[in-house]
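Structure file data.cif; described as mmCIF, C-alpha atoms.
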data_protein
loop_
_atom_site.label_atom_id
_atom_site.label_comp_id
_atom_site.auth_asym_id
_atom_site.auth_seq_id
_atom_site.Cartn_x
_atom_site.Cartn_y
_atom_site.Cartn_z
CA MET A 145 -27.57 -84.34 98.75
CA ARG A 146 -28.46 -80.66 98.71
CA LEU A 147 -26.49 -78.22 100.84
CA SER A 148 -27.68 -74.91 102.17
CA VAL A 149 -25.66 -71.71 102.53
CA ARG A 150 -26.42 -70.39 106.03
CA GLY A 151 -23.87 -67.61 106.35
CA ILE A 152 -21.42 -65.55 104.30
CA GLY A 153 -18.18 -63.91 105.48
CA ILE A 154 -16.38 -61.96 102.83
CA VAL A 155 -13.55 -59.45 102.50
CA GLY A 156 -11.90 -58.00 99.42
CA ALA A 157 -11.11 -54.75 97.66
CA PHE A 158 -14.85 -53.94 97.85
CA GLY A 159 -14.63 -53.79 101.66
CA THR A 160 -15.59 -56.05 104.55
CA GLY A 161 -18.82 -57.99 104.94
CA VAL A 162 -21.87 -58.93 102.93
CA GLU A 163 -23.28 -55.39 102.75
CA SER A 164 -20.09 -53.98 101.20
CA PHE A 165 -19.95 -56.85 98.74
CA GLU A 166 -23.59 -56.49 97.73
CA LYS A 167 -23.19 -52.72 97.34
CA ALA A 168 -20.22 -53.25 94.99
CA LEU A 169 -22.17 -55.82 92.97
CA VAL A 170 -25.10 -53.41 92.61
CA GLU A 171 -22.86 -50.47 91.70
CA GLY A 172 -20.69 -52.62 89.45
CA GLN A 173 -17.39 -51.04 90.37
CA VAL A 174 -14.53 -51.23 92.85
CA THR A 175 -11.44 -49.08 93.26
CA VAL A 176 -8.33 -50.90 92.07
CA GLY A 177 -5.09 -50.32 94.01
CA SER A 178 -1.59 -51.48 93.23
CA ILE A 179 1.48 -53.23 94.60
CA GLU A 180 5.07 -52.19 93.96
CA VAL A 181 7.42 -54.90 92.82
CA ALA A 182 11.08 -54.95 91.81
CA THR A 183 11.50 -56.03 88.20
CA GLY A 184 14.28 -56.04 85.62
CA GLU A 185 12.94 -52.64 84.49
CA GLY A 186 13.07 -51.14 88.01
CA VAL A 187 10.31 -50.86 90.59
CA GLN A 188 6.90 -51.14 88.92
CA ALA A 189 3.42 -50.51 90.32
CA VAL A 190 1.30 -53.49 89.32
CA PRO A 191 -2.50 -52.90 89.51
CA ALA A 192 -4.11 -55.09 92.16
CA TYR A 193 -7.33 -55.45 94.12
CA ARG A 194 -6.16 -55.18 97.76
CA ALA A 195 -8.08 -56.27 100.86
CA ASP A 196 -7.88 -54.66 104.31
CA THR A 197 -8.11 -56.91 107.39
CA ALA A 198 -8.48 -54.12 109.98
CA GLY A 199 -12.01 -55.38 110.69
CA LEU A 200 -10.50 -58.42 112.41
CA GLU A 201 -9.88 -56.34 115.54
CA GLU A 202 -13.65 -56.48 116.19
CA PHE A 203 -13.21 -60.19 116.91
CA VAL A 204 -9.60 -60.74 118.06
CA PRO A 205 -7.33 -58.50 120.21
CA LYS A 206 -4.59 -56.93 118.08
CA ARG A 207 -1.89 -58.25 120.38
CA SER A 208 -2.81 -61.86 119.74
CA LEU A 209 -2.52 -61.33 115.99
CA ARG A 210 1.12 -60.30 115.91
CA ARG A 211 2.32 -63.69 114.65
CA VAL A 212 -0.54 -64.07 112.19
CA ASP A 213 0.30 -63.08 108.61
CA HIS A 214 -1.96 -61.25 106.15
CA TYR A 215 -3.08 -64.48 104.51
CA SER A 216 -4.24 -66.04 107.78
CA LYS A 217 -5.83 -62.73 108.81
CA LEU A 218 -7.94 -62.90 105.65
CA ALA A 219 -8.99 -66.42 106.65
CA LEU A 220 -9.78 -65.42 110.23
CA LEU A 221 -11.80 -62.38 109.20
CA GLY A 222 -13.80 -64.36 106.64
CA SER A 223 -14.48 -67.08 109.23
CA PHE A 224 -15.65 -64.71 111.96
CA LEU A 225 -17.88 -62.81 109.53
CA ALA A 226 -19.50 -66.02 108.24
CA LEU A 227 -20.26 -67.22 111.78
CA LYS A 228 -21.59 -63.79 112.73
CA ASP A 229 -23.75 -63.66 109.61
CA ALA A 230 -25.24 -67.07 110.50
CA GLY A 231 -25.77 -66.06 114.15
CA MET A 232 -23.30 -68.73 115.30
CA LEU A 233 -20.54 -66.61 116.85
CA ASP A 234 -21.36 -67.85 120.34
CA SER A 235 -22.28 -71.40 119.35
CA GLY A 236 -20.34 -74.53 120.19
CA LEU A 237 -18.33 -75.63 117.17
CA SER A 238 -17.67 -79.26 118.09
CA ARG A 239 -19.58 -80.61 115.06
CA VAL A 240 -18.10 -78.12 112.61
CA GLY A 241 -15.55 -79.02 109.93
CA LEU A 242 -13.25 -76.58 108.19
CA VAL A 243 -12.31 -76.64 104.51
CA ILE A 244 -10.11 -73.98 102.93
CA ALA A 245 -9.41 -73.63 99.21
CA SER A 246 -6.50 -71.61 97.90
CA GLY A 247 -4.67 -71.49 94.60
CA TYR A 248 -1.45 -69.88 95.79
CA GLY A 249 -1.40 -70.22 99.58
CA ALA A 250 0.54 -67.79 101.77
CA THR A 251 3.03 -66.69 99.11
CA ALA A 252 4.26 -63.53 100.90
CA THR A 253 5.30 -65.44 104.02
CA THR A 254 6.53 -68.50 102.13
CA TYR A 255 8.87 -66.46 99.97
CA ALA A 256 10.00 -64.27 102.89
CA PHE A 257 11.00 -67.51 104.62
CA LEU A 258 12.77 -68.88 101.54
CA ASP A 259 14.54 -65.54 100.94
CA SER A 260 15.87 -65.53 104.52
CA LEU A 261 17.00 -69.13 104.12
CA ILE A 262 18.86 -68.34 100.91
CA SER A 263 20.45 -65.09 102.07
CA GLY A 264 21.28 -65.99 105.69
CA GLY A 265 21.29 -69.78 105.85
CA ASP A 266 19.13 -71.99 108.05
CA THR A 267 20.25 -70.32 111.29
CA CYS A 268 18.72 -67.02 110.12
CA ALA A 269 15.37 -68.44 109.00
CA SER A 270 12.46 -67.13 111.05
CA PRO A 271 10.52 -69.89 112.87
CA THR A 272 7.38 -67.74 112.76
CA HIS A 273 7.68 -67.38 108.99
CA PHE A 274 8.14 -71.12 108.70
CA ALA A 275 5.04 -71.83 110.82
CA ASN A 276 2.97 -69.50 108.63
CA SER A 277 4.41 -70.79 105.37
CA VAL A 278 3.04 -74.33 105.58
CA HIS A 279 -0.01 -74.61 103.39
CA ASN A 280 -2.55 -75.41 106.10
CA ALA A 281 -1.39 -72.65 108.48
CA ALA A 282 -4.50 -70.54 107.82
CA ALA A 283 -6.79 -73.48 108.61
CA ALA A 284 -4.79 -74.10 111.81
CA ASN A 285 -5.09 -70.46 112.87
CA VAL A 286 -8.85 -70.49 112.23
CA ALA A 287 -9.43 -73.82 114.00
CA ILE A 288 -7.38 -72.82 117.05
CA THR A 289 -8.86 -69.32 117.34
CA LEU A 290 -12.47 -70.43 116.90
CA GLY A 291 -12.16 -73.73 118.76
CA ILE A 292 -13.28 -75.83 115.80
CA ARG A 293 -13.00 -79.50 116.77
CA GLY A 294 -14.05 -81.21 113.56
CA PRO A 295 -11.87 -82.25 110.62
CA SER A 296 -9.80 -79.59 108.90
CA LEU A 297 -8.60 -79.63 105.30
CA THR A 298 -6.78 -77.29 102.92
CA VAL A 299 -7.18 -77.93 99.20
CA SER A 300 -4.91 -76.43 96.57
CA GLN A 301 -5.62 -77.23 92.95
CA PHE A 302 -5.05 -73.81 91.40
CA ASP A 303 -8.17 -72.71 89.49
CA MET A 304 -10.04 -75.83 90.56
CA SER A 305 -9.32 -75.43 94.30
CA VAL A 306 -12.80 -74.18 95.21
CA PRO A 307 -14.90 -76.83 93.40
CA SER A 308 -12.54 -79.61 94.56
CA ALA A 309 -12.75 -78.41 98.16
CA LEU A 310 -16.53 -78.15 97.91
CA VAL A 311 -16.70 -81.82 96.90
CA SER A 312 -14.96 -82.72 100.19
CA ALA A 313 -17.21 -80.43 102.23
CA ARG A 314 -20.32 -81.99 100.72
CA GLN A 315 -18.95 -85.49 101.37
CA TRP A 316 -18.32 -84.76 105.06
CA LEU A 317 -21.91 -83.52 105.43
CA ALA A 318 -23.32 -86.47 103.46
CA GLU A 319 -21.42 -88.96 105.63
CA GLY A 320 -22.58 -87.23 108.82
CA ARG A 321 -19.00 -86.59 109.96
CA VAL A 322 -20.02 -83.03 110.76
CA ASP A 323 -23.25 -81.01 110.90
CA THR A 324 -21.72 -77.80 109.54
CA VAL A 325 -18.76 -76.94 107.33
CA LEU A 326 -17.02 -73.60 107.44
CA PHE A 327 -15.90 -73.37 103.83
CA GLY A 328 -13.46 -70.70 102.72
CA ALA A 329 -11.69 -69.53 99.59
CA ILE A 330 -8.59 -67.36 100.03
CA ASP A 331 -5.83 -65.92 97.92
CA GLU A 332 -3.52 -63.03 98.58
CA VAL A 333 -1.66 -60.49 96.48
CA SER A 334 2.07 -60.62 97.18
CA GLU A 335 5.23 -59.38 95.51
CA LEU A 336 5.65 -62.83 94.00
CA VAL A 337 2.16 -62.90 92.47
CA ALA A 338 2.66 -59.31 91.23
CA TYR A 339 6.04 -60.22 89.74
CA LEU A 340 4.51 -63.18 87.90
CA GLN A 341 1.74 -60.91 86.62
CA HIS A 342 4.34 -58.39 85.45
CA ARG A 343 6.30 -61.13 83.69
CA ARG A 344 3.13 -62.31 81.98
CA ARG A 345 1.64 -58.95 81.12
CA GLY A 346 4.63 -56.62 80.83
CA PRO A 347 4.46 -52.95 81.84
CA ARG A 348 1.21 -52.24 79.96
CA HIS A 349 -1.90 -52.80 82.01
CA ALA A 350 -5.56 -52.73 81.02
CA PRO A 351 -7.42 -49.85 82.72
CA ALA A 352 -10.16 -52.26 83.82
CA MET A 353 -11.02 -55.93 83.60
CA ALA A 354 -13.05 -56.94 80.54
CA PRO A 355 -13.44 -60.67 81.17
CA LEU A 356 -16.14 -61.26 78.56
CA ASP A 357 -14.02 -59.78 75.79
CA ALA A 358 -12.49 -63.11 74.83
CA GLY A 359 -9.61 -61.75 72.80
CA ALA A 360 -8.42 -59.16 75.31
CA GLU A 361 -5.84 -59.72 78.05
CA SER A 362 -7.28 -57.65 80.90
CA SER A 363 -6.66 -59.60 84.11
CA ILE A 364 -5.91 -57.64 87.30
CA ILE A 365 -4.66 -59.66 90.27
CA GLY A 366 -6.89 -59.75 93.33
CA GLU A 367 -7.02 -60.96 96.91
CA GLY A 368 -9.53 -61.64 99.62
CA ALA A 369 -11.46 -64.32 101.48
CA SER A 370 -14.94 -65.65 100.86
CA PHE A 371 -16.33 -67.98 103.53
CA LEU A 372 -19.63 -69.84 103.46
CA LEU A 373 -21.25 -71.64 106.35
CA LEU A 374 -22.69 -74.84 104.87
CA THR A 375 -25.13 -77.38 106.30
CA ARG A 376 -27.31 -80.15 104.93
CA ASP A 377 -30.50 -78.60 103.59
CA GLU A 378 -33.04 -79.42 106.29
CA GLY A 379 -35.38 -76.52 105.71
CA ALA A 380 -33.72 -73.92 107.93
CA PRO A 381 -33.55 -70.32 106.64
CA ALA A 382 -30.60 -69.84 104.32
CA TYR A 383 -29.34 -67.81 101.38
CA CYS A 384 -29.77 -70.62 98.88
CA GLY A 385 -29.18 -74.28 98.19
CA ILE A 386 -26.22 -75.94 96.47
CA ASP A 387 -27.69 -78.70 94.30
CA SER A 388 -24.64 -80.20 92.64
CA VAL A 389 -20.87 -79.93 92.24
CA GLU A 390 -19.20 -81.49 89.23
CA THR A 391 -15.57 -81.41 88.15
CA GLY A 392 -13.88 -83.09 85.22
CA ASN A 393 -12.05 -82.86 81.92
CA LEU A 394 -13.48 -82.35 78.47
CA PHE A 395 -11.70 -84.34 75.83
CA GLY A 396 -13.33 -83.26 72.59
CA THR A 397 -16.80 -83.37 74.13
CA GLN A 398 -19.21 -80.50 74.65
CA LEU A 399 -19.94 -79.34 78.18
CA SER A 400 -23.48 -80.09 79.33
CA LEU A 401 -24.93 -77.06 81.09
CA PRO A 402 -28.40 -76.62 82.64
CA SER A 403 -30.66 -74.69 80.26
CA ASP A 404 -32.79 -73.19 83.06
CA ALA A 405 -29.94 -71.57 85.00
CA LEU A 406 -28.13 -68.27 84.68
CA LEU A 407 -24.50 -69.09 83.89
CA LEU A 408 -22.05 -67.35 86.21
CA LEU A 409 -18.75 -67.36 84.35
CA GLY A 410 -15.37 -67.47 86.08
CA ALA A 411 -13.67 -65.62 83.22
CA ASP A 412 -11.17 -63.14 84.66
CA GLY A 413 -9.43 -61.42 81.78
CA ARG A 414 -6.81 -64.10 81.14
CA SER A 415 -6.89 -64.27 77.37
CA GLU A 416 -5.88 -67.92 77.25
CA LEU A 417 -9.12 -68.84 79.06
CA GLY A 418 -11.43 -66.21 77.56
CA ARG A 419 -11.87 -68.09 74.31
CA ARG A 420 -12.70 -71.31 76.19
CA TYR A 421 -15.61 -69.63 77.95
CA GLN A 422 -16.98 -68.36 74.64
CA ASP A 423 -16.72 -71.83 73.14
CA ALA A 424 -18.27 -73.56 76.16
CA VAL A 425 -21.35 -71.36 76.57
CA PRO A 426 -24.19 -72.18 74.16
CA GLU A 427 -25.40 -69.42 71.86
CA GLY A 428 -28.32 -67.56 73.38
CA ALA A 429 -27.47 -68.57 76.97
CA GLN A 430 -27.98 -66.03 79.74
CA ALA A 431 -24.66 -65.31 81.43
CA ALA A 432 -23.04 -62.95 83.93
CA CYS A 433 -19.51 -62.43 85.22
CA TYR A 434 -18.60 -60.60 88.45
CA THR A 435 -14.81 -60.99 88.58
CA PRO A 436 -14.24 -57.21 88.01
CA ILE A 437 -15.60 -56.80 91.58
CA TYR A 438 -12.87 -58.95 93.20
CA GLY A 439 -10.11 -59.47 90.65
CA SER A 440 -8.27 -62.36 89.11
CA MET A 441 -7.20 -65.09 91.54
CA PRO A 442 -7.54 -68.86 91.65
CA ALA A 443 -9.91 -68.67 94.63
CA ALA A 444 -12.28 -66.27 92.84
CA ALA A 445 -14.76 -69.13 92.41
CA GLY A 446 -15.50 -68.73 96.13
CA PHE A 447 -16.54 -65.13 95.49
CA ASP A 448 -18.71 -66.31 92.59
CA LEU A 449 -20.55 -68.59 95.04
CA ALA A 450 -21.12 -65.73 97.49
CA ALA A 451 -22.41 -63.48 94.69
CA ALA A 452 -24.73 -66.25 93.47
CA ALA A 453 -26.02 -66.81 97.01
CA LEU A 454 -26.87 -63.11 97.38
CA ALA A 455 -28.58 -63.05 93.98
CA LEU A 456 -30.64 -66.15 94.76
CA LYS A 457 -31.69 -64.88 98.17
CA ALA A 458 -32.92 -61.63 96.59
CA GLY A 459 -34.32 -63.45 93.55
CA ARG A 460 -32.61 -61.04 91.17
CA ALA A 461 -29.27 -61.17 89.40
CA PHE A 462 -26.68 -58.44 89.39
CA ALA A 463 -25.67 -57.05 86.00
CA SER A 464 -22.20 -57.96 84.71
CA PRO A 465 -19.91 -55.06 85.69
CA ALA A 466 -18.14 -55.06 82.33
CA GLY A 467 -21.29 -55.58 80.28
CA PRO A 468 -22.83 -58.80 78.89
CA GLY A 469 -20.21 -59.35 76.19
CA PRO A 470 -21.51 -61.72 73.50
CA PHE A 471 -23.99 -63.34 75.90
CA VAL A 472 -27.62 -62.63 76.73
CA PRO A 473 -27.66 -60.35 79.81
CA ALA A 474 -28.75 -61.74 83.17
CA PRO A 475 -32.53 -61.65 83.60
CA ALA A 476 -34.17 -59.50 86.27
CA ALA A 477 -35.52 -62.52 88.15
CA VAL A 478 -33.32 -65.53 88.90
CA SER A 479 -34.01 -68.79 90.73
CA ARG A 480 -31.14 -71.01 89.54
CA ILE A 481 -27.48 -70.23 88.88
CA CYS A 482 -24.74 -72.44 87.47
CA SER A 483 -21.23 -71.28 88.35
CA LEU A 484 -18.88 -72.34 85.58
CA ARG A 485 -15.12 -72.52 86.05
CA LEU A 486 -12.71 -73.48 83.28
CA ALA A 487 -8.98 -74.08 83.65
CA GLY A 488 -6.08 -75.31 81.58
CA PRO A 489 -6.80 -76.83 78.18
CA SER A 490 -9.68 -79.07 79.28
CA GLU A 491 -10.61 -78.81 82.98
CA TYR A 492 -14.07 -77.66 84.02
CA ALA A 493 -16.23 -77.38 87.12
CA THR A 494 -19.91 -76.57 87.52
CA ILE A 495 -21.67 -75.72 90.77
CA VAL A 496 -25.45 -75.43 90.50
CA MET A 497 -27.22 -73.35 93.14
CA SER A 498 -30.92 -72.58 93.53
CA LYS A 499 -33.36 -70.46 95.46
CA LEU A 500 -34.86 -72.11 98.53
CA MET B 145 22.64 -45.30 115.97
CA ASP B 146 23.85 -47.18 119.05
CA THR B 147 23.22 -50.87 119.62
CA LYS B 148 20.37 -50.35 122.14
CA GLU B 149 18.47 -48.03 119.82
CA LYS B 150 18.93 -50.33 116.83
CA LEU B 151 17.92 -53.32 118.94
CA LYS B 152 14.68 -51.65 120.06
CA GLN B 153 13.75 -50.77 116.50
CA ILE B 154 14.43 -54.31 115.33
CA LEU B 155 12.44 -55.81 118.23
CA VAL B 156 9.38 -53.73 117.39
CA LYS B 157 9.60 -54.40 113.65
CA ASP B 158 10.67 -58.05 113.52
CA LEU B 159 8.53 -59.23 116.45
CA ASN B 160 5.61 -57.12 115.18
CA LEU B 161 5.09 -55.39 118.54
CA GLU B 162 2.36 -53.07 117.30
CA GLU B 163 1.34 -51.80 120.73
CA VAL B 164 4.72 -50.38 121.70
CA THR B 165 7.19 -47.96 120.05
CA PRO B 166 11.00 -48.27 120.27
CA GLU B 167 11.07 -45.13 122.45
CA GLU B 168 8.71 -46.73 124.97
CA ILE B 169 10.95 -49.74 125.60
CA SER B 170 12.93 -49.30 128.80
CA ASP B 171 16.63 -50.30 128.74
CA SER B 172 16.32 -52.24 131.98
CA ALA B 173 12.79 -53.68 131.78
CA PRO B 174 12.50 -57.48 131.45
CA LEU B 175 12.01 -58.65 127.87
CA PHE B 176 9.96 -61.69 128.91
CA GLY B 177 6.89 -62.04 131.13
CA GLU B 178 6.20 -58.70 132.79
CA GLY B 179 7.79 -55.82 130.88
CA LEU B 180 7.77 -56.35 127.13
CA GLY B 181 5.78 -59.59 127.46
CA LEU B 182 7.77 -61.77 125.07
CA ASP B 183 7.36 -65.57 125.20
CA SER B 184 9.33 -68.72 124.38
CA LEU B 185 8.70 -68.52 120.62
CA ASP B 186 10.01 -64.94 120.68
CA ALA B 187 13.19 -66.29 122.31
CA VAL B 188 13.79 -68.44 119.24
CA GLU B 189 13.10 -65.43 117.00
CA LEU B 190 15.52 -63.36 119.08
CA VAL B 191 18.35 -65.83 118.44
CA VAL B 192 17.70 -65.43 114.70
CA ILE B 193 17.39 -61.63 114.94
CA VAL B 194 20.67 -61.23 116.82
CA GLN B 195 22.54 -63.35 114.30
CA LYS B 196 20.89 -61.80 111.26
CA HIS B 197 21.26 -58.14 112.25
CA PHE B 198 24.41 -58.18 114.37
CA GLY B 199 26.27 -61.28 113.19
CA VAL B 200 26.41 -62.60 116.76
CA GLU B 201 25.56 -66.22 117.44
CA ILE B 202 23.91 -67.24 120.70
CA LYS B 203 25.18 -70.78 121.09
CA ASP B 204 23.31 -72.20 124.06
CA MET B 205 20.30 -71.66 126.30
CA GLU B 206 22.39 -70.59 129.29
CA GLU B 207 24.02 -67.78 127.32
CA GLY B 208 20.63 -66.80 125.90
CA ARG B 209 18.99 -66.75 129.33
CA LYS B 210 21.52 -64.24 130.60
CA ALA B 211 21.50 -62.11 127.45
CA PHE B 212 17.70 -61.99 127.17
CA GLN B 213 17.15 -60.35 130.58
CA SER B 214 16.70 -56.85 129.13
CA VAL B 215 17.74 -54.54 126.30
CA ASP B 216 20.71 -53.53 128.49
CA SER B 217 21.95 -57.11 128.88
CA LEU B 218 21.32 -58.07 125.25
CA ALA B 219 23.10 -54.96 123.92
CA ALA B 220 26.05 -55.69 126.23
CA TYR B 221 26.17 -59.29 125.02
CA ILE B 222 26.17 -58.14 121.38
CA GLU B 223 28.82 -55.46 121.97
CA GLU B 224 31.07 -57.94 123.74
CA ARG B 225 30.96 -60.47 120.91
CA LYS B 226 30.57 -58.26 117.84
CA GLY B 227 33.60 -58.65 115.58
CA ALA B 228 35.05 -61.30 117.88
#

Take the structure I supplied and represent it as structure tokens, if you would.
Amino acid sequence: MRLSVRGIGIVGAFGTGVESFEKALVEGQVTVGSIEVATGEGVQAVPAYRADTAGLEEFVPKRSLRRVDHYSKLALLGSFLALKDAGMLDSGLSRVGLVIASGYGATATTYAFLDSLISGGDTCASPTHFANSVHNAAAANVAITLGIRGPSLTVSQFDMSVPSALVSARQWLAEGRVDTVLFGAIDEVSELVAYLQHRRRGPRHAPAMAPLDAGAESSIIGEGASFLLLTRDEGAPAYCGIDSVETGNLFGTQLSLPSDALLLLGADGRSELGRRYQDAVPEGAQAACYTPIYGSMPAAAGFDLAAAALALKAGRAFASPAGPGPFVPAPAAVSRICSLRLAGPSEYATIVMSKL
Amino acid sequence: MDTKEKLKQILVKDLNLEEVTPEEISDSAPLFGEGLGLDSLDAVELVVIVQKHFGVEIKDMEEGRKAFQSVDSLAAYIEERKGA
């Protein structure tokens, strides 16, 4: 069954909303910020793509957000923007399901809660932190705030979170359990994520991401939310269609990729995965990679889908921000895109999207 | 910094009261309902805050109800039990 993408709600270091995202994709650059983190070598500034959720006040009074953490604010902002983009802000949402994909979850709140538990014991642990630390807290905040009555699911499978969650969303629509799925990908930058990055990378940081340079370690951590409003494709106006979602493991076999589609690579500067992308993509294939616009995070595949949807609606691909690498550059006109995500030693996912 | 001043700063920061500053909180205004507008979940947070920042344990609801009337009453409760 083919899905259609009816709305996009997106926030990241590039700004808030589809226009900001598209502008960044066209310009091919985004300002990278940083996060300070205590390390064994003192306080270090770790480069990071940071997202601002101030735009949420357009939809929700500030006072009612005081118990909502940054992670859930990202989810709420992405949700509202997707509904607004689809013209559904004032619609009844009784037949809407909610699926959220996240690699890390709300790490800032989770570790604040655990820190308070360790340092002060259970009597000094904040109940608000606990409520926000459970993995489906963002989905709960979105469903309660928007009045979504359908099923709600949070999927966490690190780099494969987005394709795995999309399989569930498609299944709900195929079974007729819901008419619409609000589908979101979220990850946040926190001190924990920055500390892990520092441990992995050390104090030297690449000035910019070069994800198609397979040998280079150039990842920069990122955060944001990318929400898509999905329905069954019944001919209504939409950004694009989603033709197929496939996940699996390659055990000594070659990945089968569509020859008529632009390959959108999920490479993000992690050197251990860079080589796998080079090996997986056939020689002479047309490929692009947009991760330097939003950063390295497990949920980045959700941003790939939003970028692909914008490209397919316009019928033209955006150039890779860091250049084409060893691949054939994206063509001017595009009608089919295959988003490719690789993880671990053998995992893969492909999501094929096409122009309506 | 006296207990009332410290308490006001902690209330604003830990309860994320973005629409009010510590200076704007009246010593005698009710913390719940009218006044500062706190609710039942804030009451649970307050128990944690008082123990974490002042080392004072609020053991039952009756004690809490009296202490949580205002900044005045809560500061008095803390002062009375601090170091006890």

Original post:
Using the chain letters and numbers from the file, which residues does the PyMOL selection byres ((chain A) within 9 of (chain B)) grab, as a list of chain:residue names?
Top reply: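 Output from the PyMOL selection byres ((chain A) within 9 of (chain B)), applied to this file: A:Lys206, A:Arg207, A:Arg210, A:Arg211, A:Gly264, A:Thr267, A:Cys268, A:Ala269, A:Ser270, A:Pro271, A:Thr272.
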
**OP:** Quick one: apply the PyMOL selection byres ((chain A and resi 145) around 9) to the file and drop the selected residues here as a VMD selection string.
**Re:** chain A and resid 146 to 147 314 317 to 318 376 to 377 386 to 388

Using only C-alpha atoms - which residues lie no farther than 12 Å from the point (-17.7, -73.9, 121.8) in the file's frame? Write them as a compact mmCIF listing (two decimals) with C-alpha atoms, keeping the file's coordinate frame.
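point_36.txt, written as the output of this step:
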# COMPACT_ATOMS: atom_id res chain seq x y z
CA MET A 232 -23.30 -68.73 115.30
CA LEU A 233 -20.54 -66.61 116.85
CA ASP A 234 -21.36 -67.85 120.34
CA SER A 235 -22.28 -71.40 119.35
CA GLY A 236 -20.34 -74.53 120.19
CA LEU A 237 -18.33 -75.63 117.17
CA SER A 238 -17.67 -79.26 118.09
CA ARG A 239 -19.58 -80.61 115.06
CA VAL A 240 -18.10 -78.12 112.61
CA ALA A 287 -9.43 -73.82 114.00
CA ILE A 288 -7.38 -72.82 117.05
CA THR A 289 -8.86 -69.32 117.34
CA LEU A 290 -12.47 -70.43 116.90
CA GLY A 291 -12.16 -73.73 118.76
CA ILE A 292 -13.28 -75.83 115.80
CA ARG A 293 -13.00 -79.50 116.77
CA GLY A 294 -14.05 -81.21 113.56

Subject >> Residues within 12 Å of Ala281 in chain A, only C-alpha atoms, excluding chain neighbours under 3 positions, as a ChimeraX atom specification >> reply: /A:211-217,219-220,244,246,249-251,253-254,272-278,284-288,296-298

Please produce a file of the residues just selected, as a short mmCIF file (atom, residue, chain, number, x, y, z; two decimals), in the coordinates of the input, where the atoms kept are C-alpha atoms.
data_model
loop_
_atom_site.label_atom_id
_atom_site.label_comp_id
_atom_site.auth_asym_id
_atom_site.auth_seq_id
_atom_site.Cartn_x
_atom_site.Cartn_y
_atom_site.Cartn_z
CA ARG A 211 2.32 -63.69 114.65
CA VAL A 212 -0.54 -64.07 112.19
CA ASP A 213 0.30 -63.08 108.61
CA HIS A 214 -1.96 -61.25 106.15
CA TYR A 215 -3.08 -64.48 104.51
CA SER A 216 -4.24 -66.04 107.78
CA LYS A 217 -5.83 -62.73 108.81
CA ALA A 219 -8.99 -66.42 106.65
CA LEU A 220 -9.78 -65.42 110.23
CA ILE A 244 -10.11 -73.98 102.93
CA SER A 246 -6.50 -71.61 97.90
CA GLY A 249 -1.40 -70.22 99.58
CA ALA A 250 0.54 -67.79 101.77
CA THR A 251 3.03 -66.69 99.11
CA THR A 253 5.30 -65.44 104.02
CA THR A 254 6.53 -68.50 102.13
CA THR A 272 7.38 -67.74 112.76
CA HIS A 273 7.68 -67.38 108.99
CA PHE A 274 8.14 -71.12 108.70
CA ALA A 275 5.04 -71.83 110.82
CA ASN A 276 2.97 -69.50 108.63
CA SER A 277 4.41 -70.79 105.37
CA VAL A 278 3.04 -74.33 105.58
CA ALA A 284 -4.79 -74.10 111.81
CA ASN A 285 -5.09 -70.46 112.87
CA VAL A 286 -8.85 -70.49 112.23
CA ALA A 287 -9.43 -73.82 114.00
CA ILE A 288 -7.38 -72.82 117.05
CA SER A 296 -9.80 -79.59 108.90
CA LEU A 297 -8.60 -79.63 105.30
CA THR A 298 -6.78 -77.29 102.92
#

Original post:
What's the 12 Å shell around range 177-180 of chain B, counting all atoms listed in the file, without same-chain residues fewer than 6 positions away, as a ChimeraX atom specification?
Top reply: /A:207 /B:152,155-156,159,161-166,168-171,186-187,212-215

Subject >> Residues selected by the PyMOL selection byres ((chain A and resi 431) around 12), written as number ranges by chain >> reply: A: 356, 401-411, 421-422, 424-430, 432-434, 461-464, 467-475, 478, 480-484

Subject >> Interatomic distance, CA of His349 in chain A to CA of Leu169 in chain A (Å, one decimal) >> reply: 23.2 Å

Original post:
Rounded to one decimal in Å, what is the spacing between CA of Val162 in chain A and CA of Thr435 in chain A?
Top reply: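 Taking CA of Val162 in chain A as the start and CA of Thr435 in chain A as the end point, the length is 16.1 Å.
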
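Rounded to one decimal, CA of Gln301 in chain A and CA of Val243 in chain A lie 13.4 Å from each other.
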
**OP:** List every protein, DNA or RNA residue that has at least one atom no more than 12 Å from (-7.3, -76.6, 100.1) in the file's coordinates, counting all atoms listed in the file, and write the result as a PyMOL selection string.
**Re:** chain A and resi 242-250+278-283+296-313+327-331+442-443

Original post:
Looking at A:Glu166, A:Leu227, A:Ser400, A:Asp266, which one is nearest to Ala452 in chain A, with distances taken over all atoms listed in the file?
Top reply: A:Glu166

**OP:** For Ala220 in chain B, work out the shell of residues within 12 Å, counting all atoms listed in the file and skipping chain neighbours fewer than 3 positions away, then give it as a list in words.
**Re:**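 So the residues in contact are Asp146, Thr147, Lys148, Leu151, Asp171, Ser172, Val200, Lys210, Ala211, Phe212, Gln213, Ser214, Val215, Asp216, Ser217, Glu223, Glu224, Arg225 and Lys226 of chain B.
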
Subject >> Residue among A:Ser490, A:Ser370, A:Thr375, A:Leu225 lying closest to Val322 in chain A, counting all atoms listed in the file >> reply: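 Smallest separation from Val322 in chain A among the options: A:Thr375.
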
Original post:
Between A:Ala466, A:Ala453, A:Leu326, A:Leu336, which one has atoms that come closest to Pro355 in chain A, using all atoms listed in the file?
Top reply: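 Answer, going by the shortest atom-to-atom distance: A:Ala466.
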